[in-house]
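Peer 1: The structure file my_file.tsv (TSV, C-alpha atoms and all ligand atoms) is provided below.
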chain	number	residue	atom	x	y	z
Z	14	MET	CA	-84.76	-132.03	-50.73
Z	15	ASN	CA	-83.26	-131.97	-54.21
Z	16	ILE	CA	-85.21	-129.38	-56.12
Z	17	SER	CA	-84.10	-126.77	-58.65
Z	18	ILE	CA	-84.81	-123.04	-58.80
Z	19	ASN	CA	-86.85	-123.59	-61.98
Z	20	GLU	CA	-88.90	-126.28	-60.27
Z	21	VAL	CA	-89.67	-123.84	-57.44
Z	22	LYS	CA	-90.68	-121.17	-59.98
Z	23	ARG	CA	-93.17	-123.68	-61.35
Z	24	ILE	CA	-94.74	-124.69	-58.04
Z	25	TYR	CA	-94.59	-121.39	-56.13
Z	26	LYS	CA	-96.13	-118.17	-57.46
Z	27	PRO	CA	-95.83	-114.98	-55.38
Z	28	LYS	CA	-99.20	-113.61	-54.30
Z	29	ILE	CA	-98.19	-109.94	-54.23
Z	30	LYS	CA	-96.36	-107.52	-56.56
Z	31	PRO	CA	-95.03	-104.73	-54.35
Z	32	ILE	CA	-92.76	-103.18	-57.03
Z	33	GLU	CA	-93.44	-103.04	-60.75
Z	34	TRP	CA	-92.06	-101.20	-63.75
Z	35	ARG	CA	-95.24	-100.55	-65.74
Z	36	ASP	CA	-95.33	-98.67	-69.08
Z	37	GLY	CA	-92.20	-96.67	-68.29
Z	38	LYS	CA	-93.31	-95.89	-64.75
Z	39	LEU	CA	-92.29	-97.20	-61.34
Z	40	VAL	CA	-95.32	-98.38	-59.38
Z	41	ILE	CA	-95.11	-99.43	-55.73
Z	42	LEU	CA	-97.60	-100.79	-53.23
Z	43	ASP	CA	-97.82	-98.23	-50.41
Z	44	GLN	CA	-96.73	-100.37	-47.43
Z	45	SER	CA	-97.63	-97.67	-44.93
Z	46	LYS	CA	-101.29	-98.47	-45.67
Z	47	VAL	CA	-101.15	-102.29	-45.71
Z	48	PRO	CA	-103.24	-104.26	-44.66
Z	49	PHE	CA	-106.08	-101.77	-44.42
Z	50	GLU	CA	-105.78	-100.27	-47.92
Z	51	THR	CA	-104.27	-101.53	-51.16
Z	52	THR	CA	-102.97	-98.34	-52.70
Z	53	TYR	CA	-100.41	-98.18	-55.51
Z	54	VAL	CA	-98.25	-95.10	-55.96
Z	55	GLU	CA	-96.47	-93.99	-59.15
Z	56	LEU	CA	-92.95	-92.62	-58.71
Z	57	HIS	CA	-91.52	-90.35	-61.41
Z	58	THR	CA	-88.25	-88.90	-60.06
Z	59	PRO	CA	-85.36	-89.84	-57.74
Z	60	GLU	CA	-86.74	-87.23	-55.32
Z	61	GLU	CA	-90.09	-89.05	-55.20
Z	62	VAL	CA	-88.26	-92.37	-54.74
Z	63	ALA	CA	-86.20	-90.93	-51.87
Z	64	ASP	CA	-89.38	-89.64	-50.25
Z	65	ALA	CA	-91.14	-93.01	-50.64
Z	66	ILE	CA	-88.15	-94.73	-48.98
Z	67	ARG	CA	-87.91	-92.15	-46.18
Z	68	THR	CA	-91.64	-92.36	-45.40
Z	69	MET	CA	-91.52	-96.17	-45.69
Z	70	LYS	CA	-94.08	-96.48	-48.48
Z	71	VAL	CA	-91.44	-98.93	-49.63
Z	72	ARG	CA	-89.31	-100.55	-46.93
Z	73	GLY	CA	-87.20	-103.65	-46.30
Z	74	ALA	CA	-83.58	-103.79	-47.40
Z	75	PRO	CA	-83.84	-105.55	-50.81
Z	76	ALA	CA	-87.04	-103.67	-51.75
Z	77	ILE	CA	-85.32	-100.36	-51.03
Z	78	GLY	CA	-82.41	-101.46	-53.25
Z	79	ILE	CA	-84.63	-102.48	-56.16
Z	80	THR	CA	-86.69	-99.28	-55.93
Z	81	ALA	CA	-83.54	-97.16	-55.91
Z	82	ALA	CA	-82.20	-99.06	-58.95
Z	83	TYR	CA	-85.32	-98.06	-60.91
Z	84	GLY	CA	-84.99	-94.61	-59.31
Z	85	MET	CA	-81.65	-94.24	-61.11
Z	86	LEU	CA	-83.45	-94.95	-64.39
Z	87	LEU	CA	-86.01	-92.28	-63.47
Z	88	GLY	CA	-83.07	-89.91	-62.98
Z	89	LEU	CA	-82.58	-90.17	-66.75
Z	90	LEU	CA	-86.15	-90.56	-67.98
Z	91	GLY	CA	-87.46	-87.69	-65.86
Z	92	ASN	CA	-84.80	-85.36	-67.28
Z	93	MET	CA	-84.69	-86.25	-70.96
Z	94	THR	CA	-85.34	-82.65	-72.11
Z	95	ARG	CA	-82.24	-81.46	-70.20
Z	96	ILE	CA	-79.93	-84.35	-71.12
Z	97	SER	CA	-78.36	-83.88	-74.54
Z	98	ASN	CA	-75.33	-86.16	-74.33
Z	99	LEU	CA	-73.77	-88.99	-72.30
Z	100	ASP	CA	-71.82	-86.60	-70.03
Z	101	ASP	CA	-75.10	-84.93	-69.04
Z	102	ALA	CA	-76.57	-88.38	-68.48
Z	103	LEU	CA	-73.76	-89.40	-66.10
Z	104	ARG	CA	-74.20	-86.14	-64.19
Z	105	ALA	CA	-77.95	-86.83	-63.88
Z	106	LEU	CA	-77.21	-90.34	-62.55
Z	107	GLU	CA	-74.68	-89.03	-60.01
Z	108	HIS	CA	-77.30	-86.53	-58.88
Z	109	ALA	CA	-79.97	-89.24	-58.61
Z	110	LYS	CA	-77.64	-91.34	-56.45
Z	111	SER	CA	-76.85	-88.40	-54.17
Z	112	VAL	CA	-80.58	-87.71	-53.72
Z	113	MET	CA	-81.55	-91.30	-52.86
Z	114	ASP	CA	-78.54	-92.62	-50.89
Z	115	PRO	CA	-79.21	-90.66	-47.66
Z	116	ALA	CA	-82.91	-91.65	-47.54
Z	117	ARG	CA	-82.28	-94.43	-44.98
Z	118	PRO	CA	-78.84	-95.21	-43.57
Z	119	THR	CA	-78.82	-98.77	-42.23
Z	120	ALA	CA	-79.79	-101.06	-45.13
Z	121	VAL	CA	-76.69	-101.39	-47.30
Z	122	ASN	CA	-78.76	-102.50	-50.32
Z	123	LEU	CA	-79.63	-98.88	-51.12
Z	124	THR	CA	-76.11	-97.66	-51.85
Z	125	TRP	CA	-75.20	-101.08	-53.27
Z	126	ALA	CA	-77.96	-100.76	-55.90
Z	127	THR	CA	-77.33	-97.12	-56.86
Z	128	GLY	CA	-73.58	-97.85	-57.03
Z	129	ARG	CA	-74.15	-100.86	-59.26
Z	130	MET	CA	-76.37	-98.81	-61.62
Z	131	LEU	CA	-73.84	-95.98	-61.83
Z	132	ASN	CA	-70.95	-98.38	-62.48
Z	133	ARG	CA	-72.98	-100.14	-65.17
Z	134	ALA	CA	-73.64	-96.78	-66.85
Z	135	ARG	CA	-69.95	-95.84	-66.77
Z	136	LEU	CA	-68.88	-99.23	-68.11
Z	137	SER	CA	-71.44	-99.26	-70.92
Z	138	ILE	CA	-70.27	-95.81	-72.04
Z	139	SER	CA	-66.57	-96.70	-71.87
Z	140	ASN	CA	-66.96	-100.00	-73.75
Z	141	GLY	CA	-69.18	-98.47	-76.46
Z	142	GLU	CA	-72.29	-100.46	-75.56
Z	143	ALA	CA	-74.19	-97.20	-74.94
Z	144	ARG	CA	-73.43	-94.68	-77.71
Z	145	SER	CA	-76.51	-92.53	-77.09
Z	146	VAL	CA	-78.65	-91.53	-74.14
Z	147	ARG	CA	-81.45	-93.73	-75.46
Z	148	GLN	CA	-79.10	-96.74	-75.52
Z	149	LEU	CA	-77.96	-95.92	-71.99
Z	150	VAL	CA	-81.61	-95.95	-70.86
Z	151	ASP	CA	-81.99	-99.45	-72.35
Z	152	VAL	CA	-78.81	-100.68	-70.63
Z	153	LEU	CA	-79.96	-99.33	-67.27
Z	154	LYS	CA	-83.49	-100.69	-67.61
Z	155	ALA	CA	-81.97	-104.14	-68.23
Z	156	GLU	CA	-79.66	-103.69	-65.21
Z	157	ALA	CA	-82.53	-102.74	-62.87
Z	158	ASP	CA	-84.51	-105.75	-64.15
Z	159	SER	CA	-81.47	-107.95	-63.45
Z	160	ILE	CA	-81.23	-106.64	-59.90
Z	161	PHE	CA	-84.90	-107.59	-59.42
Z	162	ASN	CA	-84.57	-111.02	-61.05
Z	163	GLU	CA	-81.31	-111.87	-59.25
Z	164	GLU	CA	-82.97	-110.97	-55.96
Z	165	TYR	CA	-85.89	-113.30	-56.68
Z	166	GLU	CA	-83.60	-116.19	-57.60
Z	167	ALA	CA	-81.45	-115.52	-54.53
Z	168	GLU	CA	-84.56	-115.76	-52.35
Z	169	ILE	CA	-85.53	-119.09	-53.89
Z	170	ALA	CA	-81.99	-120.38	-53.28
Z	171	MET	CA	-82.07	-119.08	-49.69
Z	172	GLY	CA	-85.49	-120.67	-49.23
Z	173	LEU	CA	-84.12	-124.03	-50.38
Z	174	HIS	CA	-81.08	-123.77	-48.08
Z	175	GLY	CA	-83.37	-122.71	-45.22
Z	176	LEU	CA	-85.65	-125.71	-45.84
Z	177	LYS	CA	-82.79	-127.94	-44.66
Z	178	LYS	CA	-83.27	-126.38	-41.22
Z	179	LEU	CA	-87.01	-127.15	-41.04
Z	180	ASN	CA	-88.88	-130.27	-39.97
Z	181	ASN	CA	-92.53	-131.04	-40.54
Z	182	GLY	CA	-94.56	-129.48	-37.72
Z	183	ASP	CA	-91.94	-126.85	-36.81
Z	184	VAL	CA	-92.84	-123.44	-35.45
Z	185	VAL	CA	-90.60	-120.59	-36.61
Z	186	MET	CA	-90.44	-117.18	-34.99
Z	187	THR	CA	-89.35	-114.10	-36.95
Z	188	GLN	CA	-89.10	-110.35	-36.36
Z	189	CYS	CA	-90.41	-107.44	-38.46
Z	190	ASN	CA	-91.31	-108.28	-42.07
Z	191	ALA	CA	-88.67	-110.05	-44.12
Z	192	GLY	CA	-91.15	-111.34	-46.65
Z	193	GLY	CA	-92.06	-110.46	-50.20
Z	194	LEU	CA	-93.10	-106.93	-49.26
Z	195	ALA	CA	-89.65	-106.30	-47.81
Z	196	THR	CA	-87.87	-107.61	-50.89
Z	197	GLY	CA	-90.24	-106.40	-53.59
Z	198	THR	CA	-90.45	-109.83	-55.23
Z	199	GLY	CA	-93.39	-111.31	-53.31
Z	200	LEU	CA	-91.30	-114.14	-51.79
Z	201	GLY	CA	-88.90	-112.77	-49.15
Z	202	THR	CA	-85.77	-113.83	-47.30
Z	203	ALA	CA	-86.63	-115.05	-43.79
Z	204	LEU	CA	-90.11	-116.10	-44.90
Z	205	ALA	CA	-88.88	-117.98	-47.99
Z	206	PRO	CA	-88.16	-121.34	-46.28
Z	207	VAL	CA	-91.59	-121.44	-44.64
Z	208	LYS	CA	-93.38	-120.38	-47.84
Z	209	LEU	CA	-91.52	-123.03	-49.86
Z	210	ALA	CA	-92.15	-125.63	-47.14
Z	211	LYS	CA	-95.86	-124.91	-47.46
Z	212	ALA	CA	-95.71	-125.10	-51.27
Z	213	LEU	CA	-94.00	-128.51	-50.96
Z	214	GLY	CA	-96.69	-129.86	-48.66
Z	215	MET	CA	-94.98	-129.48	-45.26
Z	216	GLU	CA	-96.80	-128.07	-42.24
Z	217	VAL	CA	-94.78	-125.25	-40.69
Z	218	SER	CA	-96.31	-122.48	-38.56
Z	219	MET	CA	-95.07	-119.05	-37.63
Z	220	ILE	CA	-95.04	-116.85	-34.56
Z	221	VAL	CA	-94.91	-113.17	-35.44
Z	222	PRO	CA	-93.99	-110.45	-32.93
Z	223	GLU	CA	-95.94	-107.24	-33.65
Z	224	THR	CA	-92.68	-105.23	-34.09
Z	225	ARG	CA	-93.28	-101.87	-32.45
Z	226	PRO	CA	-93.32	-99.07	-33.31
Z	227	TRP	CA	-94.13	-99.41	-37.00
Z	228	LEU	CA	-95.88	-102.78	-36.57
Z	229	GLN	CA	-94.32	-104.50	-39.60
Z	230	GLY	CA	-95.03	-107.85	-37.93
Z	231	ALA	CA	-98.67	-107.19	-37.11
Z	232	ARG	CA	-99.49	-105.34	-40.33
Z	233	LEU	CA	-97.27	-106.82	-43.02
Z	234	THR	CA	-96.00	-110.27	-41.99
Z	235	VAL	CA	-99.39	-111.41	-40.75
Z	236	TYR	CA	-100.96	-110.15	-44.01
Z	237	GLU	CA	-98.43	-112.02	-46.15
Z	238	LEU	CA	-98.53	-115.28	-44.22
Z	239	VAL	CA	-102.31	-115.42	-43.98
Z	240	MET	CA	-102.50	-114.81	-47.75
Z	241	GLU	CA	-100.23	-117.85	-48.20
Z	242	GLY	CA	-102.43	-120.00	-45.93
Z	243	ILE	CA	-99.64	-120.39	-43.34
Z	244	ASP	CA	-100.71	-120.99	-39.74
Z	245	THR	CA	-99.74	-117.71	-38.00
Z	246	THR	CA	-99.84	-116.52	-34.39
Z	247	LEU	CA	-99.33	-112.84	-33.56
Z	248	ILE	CA	-97.67	-111.99	-30.24
Z	249	THR	CA	-96.60	-108.78	-28.55
Z	250	ASP	CA	-92.87	-108.00	-28.69
Z	251	THR	CA	-92.78	-108.45	-24.94
Z	252	ALA	CA	-93.95	-112.10	-25.20
Z	253	VAL	CA	-90.96	-113.42	-27.18
Z	254	GLY	CA	-89.13	-114.65	-24.06
Z	255	LEU	CA	-92.09	-116.56	-22.70
Z	256	VAL	CA	-92.97	-118.30	-25.97
Z	257	MET	CA	-89.37	-119.51	-26.31
Z	258	TYR	CA	-89.18	-120.54	-22.64
Z	259	ARG	CA	-92.38	-122.54	-23.02
Z	260	GLY	CA	-90.89	-124.54	-25.91
Z	261	MET	CA	-93.27	-123.07	-28.49
Z	262	VAL	CA	-90.50	-122.17	-30.99
Z	263	ASN	CA	-88.19	-124.56	-32.90
Z	264	SER	CA	-86.08	-121.93	-34.64
Z	265	ILE	CA	-85.80	-118.22	-35.36
Z	266	MET	CA	-85.49	-116.91	-38.91
Z	267	VAL	CA	-84.97	-113.19	-39.45
Z	268	GLY	CA	-83.86	-111.01	-42.33
Z	269	ALA	CA	-81.02	-108.49	-42.24
Z	270	ASP	CA	-80.41	-104.93	-43.34
Z	271	ARG	CA	-76.67	-105.38	-43.25
Z	272	ILE	CA	-74.35	-108.24	-42.30
Z	273	LEU	CA	-70.69	-107.56	-41.60
Z	274	LYS	CA	-67.73	-109.71	-42.49
Z	275	ASP	CA	-67.37	-110.83	-38.86
Z	276	GLY	CA	-71.05	-111.90	-38.65
Z	277	HIS	CA	-72.62	-108.91	-36.89
Z	278	VAL	CA	-76.25	-108.78	-38.06
Z	279	PHE	CA	-78.09	-105.45	-38.29
Z	280	ASN	CA	-81.84	-105.97	-38.40
Z	281	LYS	CA	-85.08	-104.55	-37.02
Z	282	VAL	CA	-84.87	-103.50	-33.38
Z	283	GLY	CA	-85.87	-106.44	-31.19
Z	284	THR	CA	-83.84	-108.99	-33.15
Z	285	PHE	CA	-80.93	-108.84	-30.67
Z	286	LYS	CA	-83.25	-109.67	-27.76
Z	287	GLU	CA	-84.64	-112.69	-29.64
Z	288	ALA	CA	-81.13	-113.90	-30.47
Z	289	VAL	CA	-79.85	-113.68	-26.88
Z	290	ILE	CA	-82.85	-115.50	-25.44
Z	291	ALA	CA	-82.66	-118.14	-28.19
Z	292	HIS	CA	-78.95	-118.67	-27.46
Z	293	GLU	CA	-79.66	-119.06	-23.74
Z	294	LEU	CA	-82.40	-121.62	-24.42
Z	295	GLY	CA	-80.57	-123.54	-27.18
Z	296	ILE	CA	-82.92	-122.47	-29.99
Z	297	PRO	CA	-81.17	-122.00	-33.37
Z	298	PHE	CA	-81.09	-118.42	-34.67
Z	299	TYR	CA	-80.71	-117.93	-38.46
Z	300	ALA	CA	-80.26	-114.67	-40.38
Z	301	LEU	CA	-81.26	-114.91	-44.05
Z	302	ALA	CA	-80.03	-112.33	-46.55
Z	303	PRO	CA	-78.82	-112.06	-50.15
Z	304	SER	CA	-75.18	-111.14	-50.84
Z	305	SER	CA	-76.34	-107.56	-51.63
Z	306	SER	CA	-77.03	-107.14	-47.88
Z	307	PHE	CA	-73.41	-107.84	-46.89
Z	308	ASP	CA	-70.95	-105.09	-46.03
Z	309	LEU	CA	-67.43	-106.52	-46.04
Z	310	VAL	CA	-65.80	-103.12	-45.48
Z	311	ASN	CA	-67.23	-101.43	-42.39
Z	312	ASN	CA	-66.84	-102.35	-38.74
Z	313	VAL	CA	-69.69	-102.57	-36.25
Z	314	ASN	CA	-69.18	-99.05	-34.88
Z	315	ASP	CA	-69.09	-97.49	-38.37
Z	316	VAL	CA	-72.68	-98.46	-39.19
Z	317	LYS	CA	-75.34	-95.87	-38.51
Z	318	ILE	CA	-78.43	-97.16	-36.75
Z	319	GLU	CA	-81.38	-95.13	-38.00
Z	320	GLU	CA	-83.36	-93.17	-35.42
Z	321	ARG	CA	-86.84	-92.15	-36.48
Z	322	ASP	CA	-89.35	-89.57	-35.38
Z	323	PRO	CA	-90.57	-89.73	-31.74
Z	324	SER	CA	-94.15	-89.57	-32.98
Z	325	GLU	CA	-93.79	-93.21	-34.13
Z	326	VAL	CA	-93.48	-94.20	-30.46
Z	327	LYS	CA	-95.83	-91.65	-28.91
Z	328	LEU	CA	-98.78	-92.43	-31.18
Z	329	ILE	CA	-100.25	-95.61	-32.61
Z	330	ARG	CA	-102.00	-94.96	-35.91
Z	331	GLY	CA	-102.51	-91.34	-34.91
Z	332	VAL	CA	-103.77	-92.04	-31.38
Z	333	PRO	CA	-101.58	-90.73	-28.52
Z	334	ILE	CA	-100.50	-93.40	-26.03
Z	335	THR	CA	-98.34	-91.30	-23.70
Z	336	LEU	CA	-97.71	-87.74	-22.56
Z	337	SER	CA	-97.04	-85.56	-25.58
Z	338	ASP	CA	-93.82	-84.03	-24.22
Z	339	VAL	CA	-92.09	-87.20	-22.94
Z	340	LYS	CA	-88.51	-87.69	-24.12
Z	341	VAL	CA	-88.26	-90.51	-26.71
Z	342	TYR	CA	-85.38	-92.59	-28.09
Z	343	ASN	CA	-86.45	-94.42	-31.27
Z	344	PRO	CA	-83.67	-96.52	-32.83
Z	345	VAL	CA	-85.30	-98.73	-35.47
Z	346	PHE	CA	-82.54	-101.32	-35.91
Z	347	ASP	CA	-80.23	-103.19	-33.57
Z	348	VAL	CA	-77.15	-105.31	-33.98
Z	349	THR	CA	-76.79	-108.95	-33.01
Z	350	PRO	CA	-73.20	-110.00	-32.25
Z	351	PRO	CA	-71.93	-113.13	-34.04
Z	352	LYS	CA	-71.84	-115.25	-30.89
Z	353	TYR	CA	-75.66	-115.40	-30.92
Z	354	VAL	CA	-75.96	-116.29	-34.63
Z	355	THR	CA	-76.19	-120.04	-35.34
Z	356	ALA	CA	-75.79	-119.58	-39.10
Z	357	ILE	CA	-76.27	-117.06	-41.89
Z	358	ILE	CA	-78.26	-118.31	-44.86
Z	359	THR	CA	-77.49	-116.72	-48.25
Z	360	GLU	CA	-78.16	-117.70	-51.84
Z	361	LYS	CA	-74.61	-119.03	-51.96
Z	362	GLY	CA	-75.06	-121.44	-49.08
Z	363	ILE	CA	-75.26	-121.71	-45.31
Z	364	ILE	CA	-72.45	-119.95	-43.46
Z	365	TYR	CA	-71.43	-121.23	-40.03
Z	366	PRO	CA	-68.97	-119.69	-37.54
Z	367	PRO	CA	-66.22	-118.62	-37.49
Z	368	PHE	CA	-67.84	-115.92	-39.64
Z	369	ASP	CA	-64.78	-113.71	-40.12
Z	370	LYS	CA	-63.20	-116.63	-41.98
Z	371	ASN	CA	-66.29	-118.14	-43.62
Z	372	VAL	CA	-68.31	-115.08	-44.71
Z	373	PRO	CA	-65.72	-113.90	-47.28
Z	374	LYS	CA	-65.00	-117.50	-48.30
Z	375	VAL	CA	-68.63	-118.38	-49.04
Z	376	LEU	CA	-69.52	-115.02	-50.62
Z	377	ASN	CA	-66.52	-115.07	-52.94
Z	378	GLY	CA	-66.38	-118.75	-53.70
Z	379	GLY	CA	-69.96	-119.91	-53.36
Z	380	GLY	CA	-71.06	-123.04	-51.50
Z	381	GLY	CA	-71.80	-123.19	-47.79
Z	382	ASN	CA	-69.23	-124.28	-45.25
Z	383	GLY	CA	-71.33	-126.80	-43.43
Z	401	LIG	O1	-87.59	-100.50	-41.15
Z	401	LIG	P1	-87.83	-101.59	-42.15
Z	401	LIG	O2	-89.24	-102.06	-42.18
Z	401	LIG	O3	-87.30	-101.23	-43.52
Z	401	LIG	O4	-86.95	-102.79	-41.60
Z	401	LIG	C1	-86.93	-104.01	-42.32
Z	401	LIG	C2	-86.17	-105.07	-41.65
Z	401	LIG	O5	-85.59	-104.89	-40.60
Z	401	LIG	C3	-86.08	-106.38	-42.38
Z	401	LIG	O6	-85.95	-107.44	-41.49
Z	401	LIG	C4	-84.85	-106.34	-43.29
Z	401	LIG	O7	-84.86	-105.23	-44.11
Z	401	LIG	C5	-84.73	-107.56	-44.11
Z	401	LIG	S1	-85.89	-107.54	-45.42
Z	401	LIG	C6	-85.86	-108.95	-46.28
Now, as a test, write the supplied structure out as structure tokens.
Peer 2:
Amino acid sequence: MNISINEVKRIYKPKIKPIEWRDGKLVILDQSKVPFETTYVELHTPEEVADAIRTMKVRGAPAIGITAAYGMLLGLLGNMTRISNLDDALRALEHAKSVMDPARPTAVNLTWATGRMLNRARLSISNGEARSVRQLVDVLKAEADSIFNEEYEAEIAMGLHGLKKLNNGDVVMTQCNAGGLATGTGLGTALAPVKLAKALGMEVSMIVPETRPWLQGARLTVYELVMEGIDTTLITDTAVGLVMYRGMVNSIMVGADRILKDGHVFNKVGTFKEAVIAHELGIPFYALAPSSSFDLVNNVNDVKIEERDPSEVKLIRGVPITLSDVKVYNPVFDVTPPKYVTAIITEKGIIYPPFDKNVPKVLNGGGGNG
């Protein structure tokens, strides 16, 4: 389908606004309460941003990145009485970065965004664009807005590339929530092709695993898809094998928290299992992510997989489901080796194996390799 990004902007309007800069304040939709409550939270400092990321009021790799970008701006605005010159301002930004970066370790978008903001500040000071703290604030506000807008356009481009993998009547299975809540823009990565398919008049349905323990699938993906009028079926995580075996799934589309140069995909725990079963049954498995989710430096064993509090496993919405003193292991991401990945879909094109050759080629040069 030959359709431009501007055309998509005209026919598709996001139904949610999970992150907004409103009157000099950062306002986020509290995702820990969705779908039962629609509560917006104002964030005023990098410390509050770090806490919102840690407690998953905002979650999903690109959304974390965008929130942290505005968090850098808050590092200046929240400290204006103590910042009297550009050196003070740079120190405040370095501090803001050091406060937010450790909030969650797996999604690379967090450090990518704070690094980009800090570099932009340094550059604007060295090239004379920012000659006062006030001017630096304006430069950084524009940079954070660009990170947001670039993400949205990347998602539209990914959605259009992903559409090439969909046929009318297809059923797509996902994992977790890689929709507009997870990216902050209202569109999403893995959900973009299906949302655009719907906007263009195609019939595509989705199967959504609940995604224990935090239930991003049951709470967030179902909420988003139903709001878009997309036919949605919720399953337990333990049913993914059967639904694929029974021929109920045409393809898998998931997001990613980090993709390595050799094609290893870090995403919500449970993704690996889907990929292996899909591979065994000949079902295509696609990971969709913007270039800000790629890590071309680290190797698979260097990446920290976040482990969260045992209470997330021992209780469901505050209700105990096991013995209180049982030992718990709660890794919240896993890694899918490249051999199970049919293709990686980015805003720059569709990347096919061999990934170690094609990931750098496509990311640096643009244009898919297939
Ligand atoms: O723990 P979460 O909810 O932040 O995990 C989110 C995911 O695993 C998403 O699939 C990923 O961030 C991609 S978001 C477009």
Peer 1: What are the closest atom pairs, with distances in Å to one decimal, for all residues of chain Z lying within 7 Å of ligand LIG 401 (chain Z)? Consider all atoms listed in the file, order rows by chain and residue number, and present the result as JSON lines.
Peer 2:
{"residue": "Z:Met69", "atom": "CA", "partner": "Z:LIG401", "partner_atom": "O3", "distance": 6.9}
{"residue": "Z:Arg72", "atom": "CA", "partner": "Z:LIG401", "partner_atom": "O3", "distance": 4.0}
{"residue": "Z:Gly73", "atom": "CA", "partner": "Z:LIG401", "partner_atom": "O7", "distance": 3.6}
{"residue": "Z:Ala74", "atom": "CA", "partner": "Z:LIG401", "partner_atom": "O7", "distance": 3.8}
{"residue": "Z:Pro75", "atom": "CA", "partner": "Z:LIG401", "partner_atom": "C6", "distance": 6.0}
{"residue": "Z:Ala120", "atom": "CA", "partner": "Z:LIG401", "partner_atom": "O7", "distance": 6.6}
{"residue": "Z:Gln188", "atom": "CA", "partner": "Z:LIG401", "partner_atom": "O6", "distance": 6.7}
{"residue": "Z:Cys189", "atom": "CA", "partner": "Z:LIG401", "partner_atom": "O6", "distance": 5.4}
{"residue": "Z:Asn190", "atom": "CA", "partner": "Z:LIG401", "partner_atom": "O6", "distance": 5.5}
{"residue": "Z:Ala191", "atom": "CA", "partner": "Z:LIG401", "partner_atom": "C6", "distance": 3.7}
{"residue": "Z:Gly192", "atom": "CA", "partner": "Z:LIG401", "partner_atom": "C6", "distance": 5.8}
{"residue": "Z:Ala195", "atom": "CA", "partner": "Z:LIG401", "partner_atom": "S1", "distance": 4.6}
{"residue": "Z:Thr196", "atom": "CA", "partner": "Z:LIG401", "partner_atom": "C6", "distance": 5.2}
{"residue": "Z:Gly201", "atom": "CA", "partner": "Z:LIG401", "partner_atom": "C6", "distance": 5.7}
{"residue": "Z:Thr202", "atom": "CA", "partner": "Z:LIG401", "partner_atom": "C6", "distance": 5.0}
{"residue": "Z:Ala203", "atom": "CA", "partner": "Z:LIG401", "partner_atom": "C6", "distance": 6.6}
{"residue": "Z:Gln229", "atom": "CA", "partner": "Z:LIG401", "partner_atom": "O2", "distance": 6.2}
{"residue": "Z:Val267", "atom": "CA", "partner": "Z:LIG401", "partner_atom": "O6", "distance": 6.2}
{"residue": "Z:Gly268", "atom": "CA", "partner": "Z:LIG401", "partner_atom": "C5", "distance": 4.0}
{"residue": "Z:Ala269", "atom": "CA", "partner": "Z:LIG401", "partner_atom": "C5", "distance": 4.3}
{"residue": "Z:Asp270", "atom": "CA", "partner": "Z:LIG401", "partner_atom": "O7", "distance": 4.5}
{"residue": "Z:Asn280", "atom": "CA", "partner": "Z:LIG401", "partner_atom": "O5", "distance": 4.5}
{"residue": "Z:Lys281", "atom": "CA", "partner": "Z:LIG401", "partner_atom": "O5", "distance": 3.6}
{"residue": "Z:Ala302", "atom": "CA", "partner": "Z:LIG401", "partner_atom": "C6", "distance": 6.7}
{"residue": "Z:Val345", "atom": "CA", "partner": "Z:LIG401", "partner_atom": "O1", "distance": 6.4}
{"residue": "Z:Phe346", "atom": "CA", "partner": "Z:LIG401", "partner_atom": "O5", "distance": 6.6}
Peer 1: Store the residues picked out above in a file with C-alpha atoms, as a tab-separated table (two decimals), in the frame of the given file.
Peer 2:
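Dumped to result.tsv:
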chain	number	residue	atom	x	y	z
Z	69	MET	CA	-91.52	-96.17	-45.69
Z	72	ARG	CA	-89.31	-100.55	-46.93
Z	73	GLY	CA	-87.20	-103.65	-46.30
Z	74	ALA	CA	-83.58	-103.79	-47.40
Z	75	PRO	CA	-83.84	-105.55	-50.81
Z	120	ALA	CA	-79.79	-101.06	-45.13
Z	188	GLN	CA	-89.10	-110.35	-36.36
Z	189	CYS	CA	-90.41	-107.44	-38.46
Z	190	ASN	CA	-91.31	-108.28	-42.07
Z	191	ALA	CA	-88.67	-110.05	-44.12
Z	192	GLY	CA	-91.15	-111.34	-46.65
Z	195	ALA	CA	-89.65	-106.30	-47.81
Z	196	THR	CA	-87.87	-107.61	-50.89
Z	201	GLY	CA	-88.90	-112.77	-49.15
Z	202	THR	CA	-85.77	-113.83	-47.30
Z	203	ALA	CA	-86.63	-115.05	-43.79
Z	229	GLN	CA	-94.32	-104.50	-39.60
Z	267	VAL	CA	-84.97	-113.19	-39.45
Z	268	GLY	CA	-83.86	-111.01	-42.33
Z	269	ALA	CA	-81.02	-108.49	-42.24
Z	270	ASP	CA	-80.41	-104.93	-43.34
Z	280	ASN	CA	-81.84	-105.97	-38.40
Z	281	LYS	CA	-85.08	-104.55	-37.02
Z	302	ALA	CA	-80.03	-112.33	-46.55
Z	345	VAL	CA	-85.30	-98.73	-35.47
Z	346	PHE	CA	-82.54	-101.32	-35.91
Peer 1: From the options Z:Asn180, Z:Thr187, Z:Gln44, Z:Asn122, which residue's atoms come nearest to Gly214 of chain Z, counting all atoms listed in the file?
Peer 2: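 When distances to Gly214 of chain Z are compared using all atoms listed in the file, the smallest one comes from Z:Asn180.
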Peer 1: Calculated over all atoms listed in the file, which of the candidates Z:Val341, Z:Ala170, Z:Val256, Z:Ile18 has the smallest distance to Ile363 of chain Z?
Peer 2: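 Smallest separation from Ile363 of chain Z among the options: Z:Ala170.
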Peer 1: Please tell me which residues are no farther than 10 Å from (-92.6, -101.8, -60.7) in the file, counting only C-alpha atoms, and write them as a list in words.
Peer 2: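 Answer for this query, in the requested form: Lys30, Pro31, Ile32, Glu33, Trp34, Arg35, Asp36, Gly37, Lys38, Leu39, Val40, Ile41, Leu42, Val54, Glu55, Leu56, Ile79, Thr80, Tyr83, Asp158, Phe161, Gly197 and Thr198 of chain Z.
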